[in-house]
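As provided, data.pdb (PDB, C-alpha atoms) reads as follows.
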```
ATOM      1  CA  MET U   1      -3.795 -19.426  10.877  1.00  0.00           C
ATOM      2  CA  LYS U   2      -2.967 -15.979   9.429  1.00  0.00           C
ATOM      3  CA  ARG U   3      -1.146 -17.485   6.436  1.00  0.00           C
ATOM      4  CA  VAL U   4      -3.948 -19.994   5.775  1.00  0.00           C
ATOM      5  CA  PHE U   5      -6.488 -17.146   5.858  1.00  0.00           C
ATOM      6  CA  ASP U   6      -4.336 -15.017   3.541  1.00  0.00           C
ATOM      7  CA  PHE U   7      -3.930 -17.826   1.009  1.00  0.00           C
ATOM      8  CA  LEU U   8      -7.570 -18.932   0.946  1.00  0.00           C
ATOM      9  CA  PHE U   9      -9.098 -15.450   1.026  1.00  0.00           C
ATOM     10  CA  SER U  10      -6.730 -14.056  -1.633  1.00  0.00           C
ATOM     11  CA  SER U  11      -7.629 -17.032  -3.855  1.00  0.00           C
ATOM     12  CA  VAL U  12     -11.344 -16.266  -3.461  1.00  0.00           C
ATOM     13  CA  CYS U  13     -10.786 -12.530  -4.028  1.00  0.00           C
ATOM     14  CA  LEU U  14      -8.752 -13.180  -7.181  1.00  0.00           C
ATOM     15  CA  LEU U  15     -11.534 -15.346  -8.609  1.00  0.00           C
ATOM     16  CA  CYS U  16     -14.313 -12.909  -7.670  1.00  0.00           C
ATOM     17  CA  SER U  17     -12.427  -9.899  -9.022  1.00  0.00           C
ATOM     18  CA  ALA U  18     -11.672 -11.509 -12.415  1.00  0.00           C
ATOM     19  CA  PRO U  19     -14.001  -9.132 -14.365  1.00  0.00           C
ATOM     20  CA  LEU U  20     -12.189  -6.110 -12.870  1.00  0.00           C
ATOM     21  CA  TRP U  21      -8.889  -7.417 -14.276  1.00  0.00           C
ATOM     22  CA  ILE U  22     -10.426  -6.810 -17.703  1.00  0.00           C
ATOM     23  CA  LEU U  23     -12.351  -3.563 -17.072  1.00  0.00           C
ATOM     24  CA  ILE U  24      -9.650  -1.653 -15.149  1.00  0.00           C
ATOM     25  CA  PRO U  25      -6.827  -2.209 -17.679  1.00  0.00           C
ATOM     26  CA  LEU U  26      -9.246  -1.250 -20.466  1.00  0.00           C
ATOM     27  CA  ALA U  27     -10.122   2.031 -18.710  1.00  0.00           C
ATOM     28  CA  ILE U  28      -6.439   2.841 -18.098  1.00  0.00           C
ATOM     29  CA  ARG U  29      -5.469   2.171 -21.715  1.00  0.00           C
ATOM     30  CA  LEU U  30      -8.407   4.148 -23.115  1.00  0.00           C
ATOM     31  CA  GLU U  31      -7.548   7.216 -21.035  1.00  0.00           C
ATOM     32  CA  ASP U  32      -3.921   7.765 -22.045  1.00  0.00           C
ATOM     33  CA  GLY U  33      -2.641   4.648 -23.810  1.00  0.00           C
ATOM     34  CA  GLY U  34       0.076   4.153 -21.203  1.00  0.00           C
ATOM     35  CA  PRO U  35       1.089   0.994 -19.335  1.00  0.00           C
ATOM     36  CA  VAL U  36      -1.550  -0.740 -17.219  1.00  0.00           C
ATOM     37  CA  PHE U  37       0.667  -1.744 -14.315  1.00  0.00           C
ATOM     38  CA  PHE U  38       3.052   0.100 -12.021  1.00  0.00           C
ATOM     39  CA  ARG U  39       5.886  -2.039 -10.625  1.00  0.00           C
ATOM     40  CA  GLN U  40       8.097  -1.140  -7.710  1.00  0.00           C
ATOM     41  CA  THR U  41      10.520  -2.888  -5.371  1.00  0.00           C
ATOM     42  CA  ARG U  42       9.476  -2.745  -1.713  1.00  0.00           C
ATOM     43  CA  VAL U  43      10.852  -4.372   1.433  1.00  0.00           C
ATOM     44  CA  GLY U  44       8.889  -7.064   3.232  1.00  0.00           C
ATOM     45  CA  LYS U  45       9.310  -9.180   6.327  1.00  0.00           C
ATOM     46  CA  ASP U  46      12.899  -9.240   7.616  1.00  0.00           C
ATOM     47  CA  ARG U  47      13.698  -6.532   5.021  1.00  0.00           C
ATOM     48  CA  ARG U  48      13.498  -8.962   2.104  1.00  0.00           C
ATOM     49  CA  PRO U  49      12.861  -7.111  -1.174  1.00  0.00           C
ATOM     50  CA  PHE U  50       9.937  -8.043  -3.417  1.00  0.00           C
ATOM     51  CA  GLU U  51       8.204  -6.511  -6.417  1.00  0.00           C
ATOM     52  CA  VAL U  52       4.815  -4.966  -5.751  1.00  0.00           C
ATOM     53  CA  LEU U  53       2.328  -4.636  -8.584  1.00  0.00           C
ATOM     54  CA  LYS U  54      -0.408  -1.985  -8.802  1.00  0.00           C
ATOM     55  CA  PHE U  55      -2.803  -0.705 -11.429  1.00  0.00           C
ATOM     56  CA  ARG U  56      -1.308   2.588 -12.635  1.00  0.00           C
ATOM     57  CA  SER U  57      -3.222   5.575 -11.241  1.00  0.00           C
ATOM     58  CA  MET U  58      -0.828   8.369 -12.286  1.00  0.00           C
ATOM     59  CA  VAL U  59       0.548   9.653 -15.575  1.00  0.00           C
ATOM     60  CA  PRO U  60       3.238   7.330 -17.019  1.00  0.00           C
ATOM     61  CA  ASP U  61       6.181   9.605 -16.089  1.00  0.00           C
ATOM     62  CA  ALA U  62       4.961  10.471 -12.582  1.00  0.00           C
ATOM     63  CA  GLU U  63       8.322   9.608 -11.007  1.00  0.00           C
ATOM     64  CA  THR U  64      10.877  11.320 -13.217  1.00  0.00           C
ATOM     65  CA  GLY U  65      14.277   9.669 -12.925  1.00  0.00           C
ATOM     66  CA  GLY U  66      12.878   7.085 -10.506  1.00  0.00           C
ATOM     67  CA  ALA U  67      12.668   9.610  -7.668  1.00  0.00           C
ATOM     68  CA  ALA U  68       9.924   8.863  -5.143  1.00  0.00           C
ATOM     69  CA  VAL U  69       7.413  11.693  -4.813  1.00  0.00           C
ATOM     70  CA  MET U  70       4.414  10.974  -2.594  1.00  0.00           C
ATOM     71  CA  ALA U  71       0.977  11.908  -3.890  1.00  0.00           C
ATOM     72  CA  SER U  72      -0.634  14.988  -2.372  1.00  0.00           C
ATOM     73  CA  ALA U  73      -4.168  16.388  -2.279  1.00  0.00           C
ATOM     74  CA  ASN U  74      -5.333  17.377  -5.793  1.00  0.00           C
ATOM     75  CA  ASP U  75      -2.135  15.922  -7.262  1.00  0.00           C
ATOM     76  CA  PRO U  76      -2.131  16.774 -11.000  1.00  0.00           C
ATOM     77  CA  ARG U  77      -0.290  13.518 -11.787  1.00  0.00           C
ATOM     78  CA  ILE U  78      -3.352  11.421 -10.862  1.00  0.00           C
ATOM     79  CA  THR U  79      -5.454  10.461 -13.887  1.00  0.00           C
ATOM     80  CA  ARG U  80      -9.266  10.514 -13.931  1.00  0.00           C
ATOM     81  CA  THR U  81      -9.348   6.718 -13.888  1.00  0.00           C
ATOM     82  CA  GLY U  82      -6.655   6.757 -11.214  1.00  0.00           C
ATOM     83  CA  LEU U  83      -8.742   9.012  -8.979  1.00  0.00           C
ATOM     84  CA  LEU U  84     -11.556   6.438  -8.880  1.00  0.00           C
ATOM     85  CA  LEU U  85      -9.067   3.608  -8.412  1.00  0.00           C
ATOM     86  CA  ARG U  86      -7.488   5.371  -5.445  1.00  0.00           C
ATOM     87  CA  LYS U  87     -10.800   6.283  -3.788  1.00  0.00           C
ATOM     88  CA  THR U  88     -11.845   2.625  -3.918  1.00  0.00           C
ATOM     89  CA  ALA U  89      -8.293   1.227  -3.430  1.00  0.00           C
ATOM     90  CA  MET U  90      -8.774  -0.771  -6.635  1.00  0.00           C
ATOM     91  CA  ASP U  91      -5.286   0.310  -7.732  1.00  0.00           C
ATOM     92  CA  GLU U  92      -4.057  -2.088  -5.007  1.00  0.00           C
ATOM     93  CA  LEU U  93      -5.979  -5.058  -6.449  1.00  0.00           C
ATOM     94  CA  PRO U  94      -2.908  -6.697  -8.079  1.00  0.00           C
ATOM     95  CA  GLN U  95      -1.313  -6.958  -4.634  1.00  0.00           C
ATOM     96  CA  LEU U  96      -3.641  -9.910  -4.076  1.00  0.00           C
ATOM     97  CA  LEU U  97      -0.991 -11.798  -6.054  1.00  0.00           C
ATOM     98  CA  ASN U  98       1.662 -10.713  -3.524  1.00  0.00           C
ATOM     99  CA  ILE U  99      -0.580 -11.985  -0.721  1.00  0.00           C
ATOM    100  CA  TRP U 100      -1.257 -15.255  -2.536  1.00  0.00           C
ATOM    101  CA  LYS U 101       2.507 -15.799  -2.958  1.00  0.00           C
ATOM    102  CA  GLY U 102       3.185 -15.056   0.722  1.00  0.00           C
ATOM    103  CA  GLU U 103       5.128 -11.826   0.178  1.00  0.00           C
ATOM    104  CA  MET U 104       2.379  -9.807   1.853  1.00  0.00           C
ATOM    105  CA  SER U 105      -0.543 -10.330   4.216  1.00  0.00           C
ATOM    106  CA  PHE U 106      -4.022  -8.829   4.146  1.00  0.00           C
ATOM    107  CA  VAL U 107      -3.205  -6.935   7.351  1.00  0.00           C
ATOM    108  CA  GLY U 108       0.106  -5.443   8.391  1.00  0.00           C
ATOM    109  CA  PRO U 109       2.277  -2.329   8.022  1.00  0.00           C
ATOM    110  CA  ARG U 110       2.337  -0.731   4.579  1.00  0.00           C
ATOM    111  CA  ALA U 111       5.095  -2.054   2.304  1.00  0.00           C
ATOM    112  CA  LEU U 112       7.692   0.699   1.857  1.00  0.00           C
ATOM    113  CA  ARG U 113      10.782   1.454  -0.163  1.00  0.00           C
ATOM    114  CA  GLU U 114      13.744   1.306   2.209  1.00  0.00           C
ATOM    115  CA  SER U 115      15.595   3.967   0.214  1.00  0.00           C
ATOM    116  CA  GLU U 116      12.645   6.383   0.183  1.00  0.00           C
ATOM    117  CA  ARG U 117      13.500   9.657   1.898  1.00  0.00           C
ATOM    118  CA  VAL U 118      11.180  11.747   4.064  1.00  0.00           C
ATOM    119  CA  LYS U 119      11.568  14.954   6.029  1.00  0.00           C
ATOM    120  CA  GLY U 120      12.507  14.422   9.652  1.00  0.00           C
ATOM    121  CA  LYS U 121      14.839  15.371  12.455  1.00  0.00           C
ATOM    122  CA  GLY U 122      18.315  13.893  12.198  1.00  0.00           C
ATOM    123  CA  LYS U 123      21.309  14.263  14.500  1.00  0.00           C
ATOM    124  CA  THR U 124      22.093  17.690  13.058  1.00  0.00           C
ATOM    125  CA  GLY U 125      18.511  18.974  12.879  1.00  0.00           C
ATOM    126  CA  GLU U 126      15.988  18.969  10.018  1.00  0.00           C
ATOM    127  CA  ALA U 127      17.063  16.560   7.268  1.00  0.00           C
ATOM    128  CA  LEU U 128      15.939  14.062   4.656  1.00  0.00           C
ATOM    129  CA  LEU U 129      15.899  10.658   6.328  1.00  0.00           C
ATOM    130  CA  LYS U 130      15.777   7.173   4.861  1.00  0.00           C
ATOM    131  CA  MET U 131      12.870   5.038   6.062  1.00  0.00           C
ATOM    132  CA  ALA U 132      15.396   2.688   7.687  1.00  0.00           C
ATOM    133  CA  ASP U 133      16.675   5.603   9.824  1.00  0.00           C
ATOM    134  CA  ILE U 134      13.280   6.239  11.411  1.00  0.00           C
ATOM    135  CA  SER U 135      12.843   4.737  14.866  1.00  0.00           C
ATOM    136  CA  GLY U 136      10.671   1.608  14.750  1.00  0.00           C
ATOM    137  CA  PHE U 137      11.494   0.631  11.149  1.00  0.00           C
ATOM    138  CA  ASP U 138      13.254  -2.633  12.066  1.00  0.00           C
ATOM    139  CA  LEU U 139      10.429  -3.761  14.368  1.00  0.00           C
ATOM    140  CA  ARG U 140       7.723  -3.046  11.781  1.00  0.00           C
ATOM    141  CA  GLN U 141       9.712  -5.131   9.284  1.00  0.00           C
ATOM    142  CA  SER U 142       9.534  -8.144  11.626  1.00  0.00           C
ATOM    143  CA  VAL U 143       6.047  -8.898  10.253  1.00  0.00           C
ATOM    144  CA  ALA U 144       4.745  -9.247   6.689  1.00  0.00           C
ATOM    145  CA  PRO U 145       3.549  -5.978   5.131  1.00  0.00           C
ATOM    146  CA  GLY U 146      -0.181  -5.682   4.614  1.00  0.00           C
ATOM    147  CA  LEU U 147      -2.660  -4.586   1.997  1.00  0.00           C
ATOM    148  CA  THR U 148      -4.389  -2.799   4.852  1.00  0.00           C
ATOM    149  CA  GLY U 149      -3.600  -2.110   8.500  1.00  0.00           C
ATOM    150  CA  MET U 150      -4.136   0.216  11.436  1.00  0.00           C
ATOM    151  CA  ALA U 151      -2.186   3.075   9.849  1.00  0.00           C
ATOM    152  CA  GLN U 152      -3.976   2.647   6.511  1.00  0.00           C
ATOM    153  CA  VAL U 153      -7.426   2.643   8.150  1.00  0.00           C
ATOM    154  CA  TYR U 154      -7.029   5.109  11.020  1.00  0.00           C
ATOM    155  CA  ALA U 155      -4.129   7.480  10.250  1.00  0.00           C
ATOM    156  CA  PRO U 156      -4.679  10.611   8.122  1.00  0.00           C
ATOM    157  CA  ARG U 157      -2.911  10.358   4.767  1.00  0.00           C
ATOM    158  CA  ASP U 158      -0.610  13.350   5.385  1.00  0.00           C
ATOM    159  CA  LEU U 159       0.496  12.189   8.831  1.00  0.00           C
ATOM    160  CA  PRO U 160       4.335  11.980   8.967  1.00  0.00           C
ATOM    161  CA  HIS U 161       5.792   8.465   8.626  1.00  0.00           C
ATOM    162  CA  ARG U 162       7.203   8.665  12.159  1.00  0.00           C
ATOM    163  CA  GLN U 163       3.640   8.984  13.477  1.00  0.00           C
ATOM    164  CA  LYS U 164       2.294   6.288  11.135  1.00  0.00           C
ATOM    165  CA  PHE U 165       4.975   3.932  12.436  1.00  0.00           C
ATOM    166  CA  ARG U 166       3.357   4.247  15.883  1.00  0.00           C
ATOM    167  CA  TYR U 167       0.143   2.773  14.465  1.00  0.00           C
ATOM    168  CA  ASP U 168       2.181  -0.049  12.922  1.00  0.00           C
ATOM    169  CA  LEU U 169       3.964  -0.789  16.196  1.00  0.00           C
ATOM    170  CA  LEU U 170       0.635  -0.725  18.065  1.00  0.00           C
ATOM    171  CA  TYR U 171      -0.686  -3.311  15.589  1.00  0.00           C
ATOM    172  CA  ILE U 172       2.368  -5.532  16.103  1.00  0.00           C
ATOM    173  CA  ARG U 173       1.862  -5.457  19.869  1.00  0.00           C
ATOM    174  CA  ARG U 174      -1.874  -6.205  19.656  1.00  0.00           C
ATOM    175  CA  LYS U 175      -2.146  -8.345  16.513  1.00  0.00           C
ATOM    176  CA  ASN U 176      -4.644 -11.193  16.611  1.00  0.00           C
ATOM    177  CA  PHE U 177      -7.116 -12.758  14.193  1.00  0.00           C
ATOM    178  CA  CYS U 178     -10.108 -10.747  15.462  1.00  0.00           C
ATOM    179  CA  LEU U 179      -8.240  -7.459  14.978  1.00  0.00           C
ATOM    180  CA  ASP U 180      -7.221  -8.551  11.458  1.00  0.00           C
ATOM    181  CA  LEU U 181     -10.817  -9.413  10.616  1.00  0.00           C
ATOM    182  CA  LYS U 182     -12.039  -6.033  11.914  1.00  0.00           C
ATOM    183  CA  LEU U 183      -9.464  -4.141   9.803  1.00  0.00           C
ATOM    184  CA  VAL U 184     -10.330  -6.189   6.694  1.00  0.00           C
ATOM    185  CA  LEU U 185     -14.056  -5.446   7.145  1.00  0.00           C
ATOM    186  CA  LEU U 186     -13.404  -1.720   7.690  1.00  0.00           C
ATOM    187  CA  SER U 187     -11.247  -1.703   4.567  1.00  0.00           C
ATOM    188  CA  PHE U 188     -13.969  -3.364   2.477  1.00  0.00           C
ATOM    189  CA  TRP U 189     -16.427  -0.747   3.759  1.00  0.00           C
ATOM    190  CA  ASN U 190     -14.063   2.061   2.696  1.00  0.00           C
ATOM    191  CA  THR U 191     -13.717   0.440  -0.737  1.00  0.00           C
ATOM    192  CA  PHE U 192     -17.440  -0.055  -1.333  1.00  0.00           C
ATOM    193  CA  THR U 193     -18.200   3.523  -0.207  1.00  0.00           C
ATOM    194  CA  ALA U 194     -15.141   5.039  -1.991  1.00  0.00           C
ATOM    195  CA  ARG U 195     -13.865   6.563   1.261  1.00  0.00           C
ATOM    196  CA  TRP U 196     -10.144   5.957   0.897  1.00  0.00           C
ATOM    197  CA  GLN U 197      -8.091   9.153   0.981  1.00  0.00           C
ATOM    198  CA  VAL U 198      -6.562   9.999  -2.373  1.00  0.00           C
TER     199      VAL U 198
END
```

Now that the file is in, can you turn its structure into C-alpha cells?
Amino acid sequence: MKRVFDFLFSSVCLLCSAPLWILIPLAIRLEDGGPVFFRQTRVGKDRRPFEVLKFRSMVPDAETGGAAVMASANDPRITRTGLLLRKTAMDELPQLLNIWKGEMSFVGPRALRESERVKGKGKTGEALLKMADISGFDLRQSVAPGLTGMAQVYAPRDLPHRQKFRYDLLYIRRKNFCLDLKLVLLSFWNTFTARWQV
C-alpha cells in the first residue's frame, strides 16, 4: 500500500509541479549562472547507494574537495534563491523522481551519506564518527529513506544526528499509513507557509 501510494502520488506531484521545473531552474541560472542541480550519492534501504537530485541552493563550490559541510544558521553559502527554496523545501522537489523510481518514499528517515562524519563520542572519547558508527544506523536503513519524516518535521535542525536517529527509530516502530498521511500533510503545511528551517 505504501509503495502504491508513493508511485501514484509522486506521479501526480510531478505533473502538478511541472511549471516549477521551468521557473526554479531559471531563477537559479539568473542569480549566478551556475548549475541547476546538485547531485549526491546517498544510501537507501538495506544500505543500497543511489543518486539523489536536488535543486542547487548553495554557491557552486559549497563543498570544496567534496567534503561534507552541513548548512548552519545564516550560512553565507546559501544563495538568495536557495534561501526561498530551503524555506519551502522546493530544493527537494527533484527527489520526487527518486520516489517515483522506488529509491525513496514520501515518509521515512532522511537519506544520508554513509561516509559523512559528525561529532560524537567514540570509544576513546570525543571524535569524528561515520554515520554507520552511530547506534541505530543499521535499523534506520531497514526502511526506504523519505522526503519527509518524524525527524524532519519534529526535530530541531541543529539536533545531533544521534538524537535525530531516535525520531527515525520511533517512526520505524510506529509506522502506519495514517501516520504517513499526517506527516505528509504537516510537511505540505510547512511548505505552503515557508516554515522549514533553513

Could you spell out the hits of the PyMOL selection byres ((chain U and resi 35) around 9) on the shown file, as a list in words? Pro25, Ile28, Arg29, Asp32, Gly33, Gly34, Val36, Phe37, Phe38, Phe55, Arg56 and Pro60 of chain U

Applied to this file, what does the PyMOL selection byres ((chain U and resi 51) around 12) return in terms of residues, put as a PyMOL selection string? chain U and resi 37-44+48-50+52-54+94-95+97-99+101+103-104+111-113

Deliver the residues from the most recent selection as a file, using C-alpha atoms, as an mmCIF file, in the coordinates of the input.
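In the end it all went to part_8.cif:
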```
data_model
loop_
_atom_site.group_PDB
_atom_site.id
_atom_site.type_symbol
_atom_site.label_atom_id
_atom_site.label_comp_id
_atom_site.auth_asym_id
_atom_site.auth_seq_id
_atom_site.Cartn_x
_atom_site.Cartn_y
_atom_site.Cartn_z
ATOM 1 C CA PHE U 37 0.667 -1.744 -14.315
ATOM 2 C CA PHE U 38 3.052 0.100 -12.021
ATOM 3 C CA ARG U 39 5.886 -2.039 -10.625
ATOM 4 C CA GLN U 40 8.097 -1.140 -7.710
ATOM 5 C CA THR U 41 10.520 -2.888 -5.371
ATOM 6 C CA ARG U 42 9.476 -2.745 -1.713
ATOM 7 C CA VAL U 43 10.852 -4.372 1.433
ATOM 8 C CA GLY U 44 8.889 -7.064 3.232
ATOM 9 C CA ARG U 48 13.498 -8.962 2.104
ATOM 10 C CA PRO U 49 12.861 -7.111 -1.174
ATOM 11 C CA PHE U 50 9.937 -8.043 -3.417
ATOM 12 C CA VAL U 52 4.815 -4.966 -5.751
ATOM 13 C CA LEU U 53 2.328 -4.636 -8.584
ATOM 14 C CA LYS U 54 -0.408 -1.985 -8.802
ATOM 15 C CA PRO U 94 -2.908 -6.697 -8.079
ATOM 16 C CA GLN U 95 -1.313 -6.958 -4.634
ATOM 17 C CA LEU U 97 -0.991 -11.798 -6.054
ATOM 18 C CA ASN U 98 1.662 -10.713 -3.524
ATOM 19 C CA ILE U 99 -0.580 -11.985 -0.721
ATOM 20 C CA LYS U 101 2.507 -15.799 -2.958
ATOM 21 C CA GLU U 103 5.128 -11.826 0.178
ATOM 22 C CA MET U 104 2.379 -9.807 1.853
ATOM 23 C CA ALA U 111 5.095 -2.054 2.304
ATOM 24 C CA LEU U 112 7.692 0.699 1.857
ATOM 25 C CA ARG U 113 10.782 1.454 -0.163
#
```

For this structure, which residues satisfy the selection - the PyMOL selection byres ((chain U and resi 144) around 10) - when it is evaluated on the file as given? I want them as an NGL selection string. :U and (43-48 or 99 or 102-111 or 140-143 or 145-147)

Please, what distance in Å, to one decimal, runs between atom CA of U:Cys13 and atom CA of U:Phe188? 11.7 Å

Counting only C-alpha atoms, figure out which residue out of U:Trp196, U:Thr81, U:Gly136, U:Gly149 gets nearest to U:Lys175.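 Closest to U:Lys175, using only C-alpha atoms: U:Gly149.
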
Is it possible to get the residues within 9 Å of (-0.5, -1.4, 14.4) (coordinates as in the file, counting all atoms listed in the file) written as a VMD selection string? chain U and resid 108 to 109 140 149 to 151 164 to 175

Residues proximal to (-8.5, 10.2, -11.2) were defined as those with any atom within 12 Å of that point in the file's coordinates, counting all atoms listed in the file. Which are they, as a PyMOL selection string? chain U and resi 27-28+31+56-59+73-91+198

List the neighbours of U:Met1 out to 12 Å using only C-alpha atoms; skip same-chain residues closer than 5 positions along the sequence, and give me the result as a ChimeraX atom specification. /U:6-9,105,176-178,180

Can you measure atom CA of U:Gln197 to atom CA of U:Pro156 for me? One decimal in Å is fine. 8.0 Å

Separation of atom CA of U:Tyr154 from atom CA of U:Glu92, in Å and rounded to one decimal: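 Atom-to-atom, atom CA of U:Tyr154 to atom CA of U:Glu92, that is 17.8 Å.
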
Residue nearest U:Ser17 among U:Phe192, U:Leu93, U:Gln152, U:Leu30 (counting only C-alpha atoms):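 Closest to U:Ser17 of all the choices is U:Leu93.
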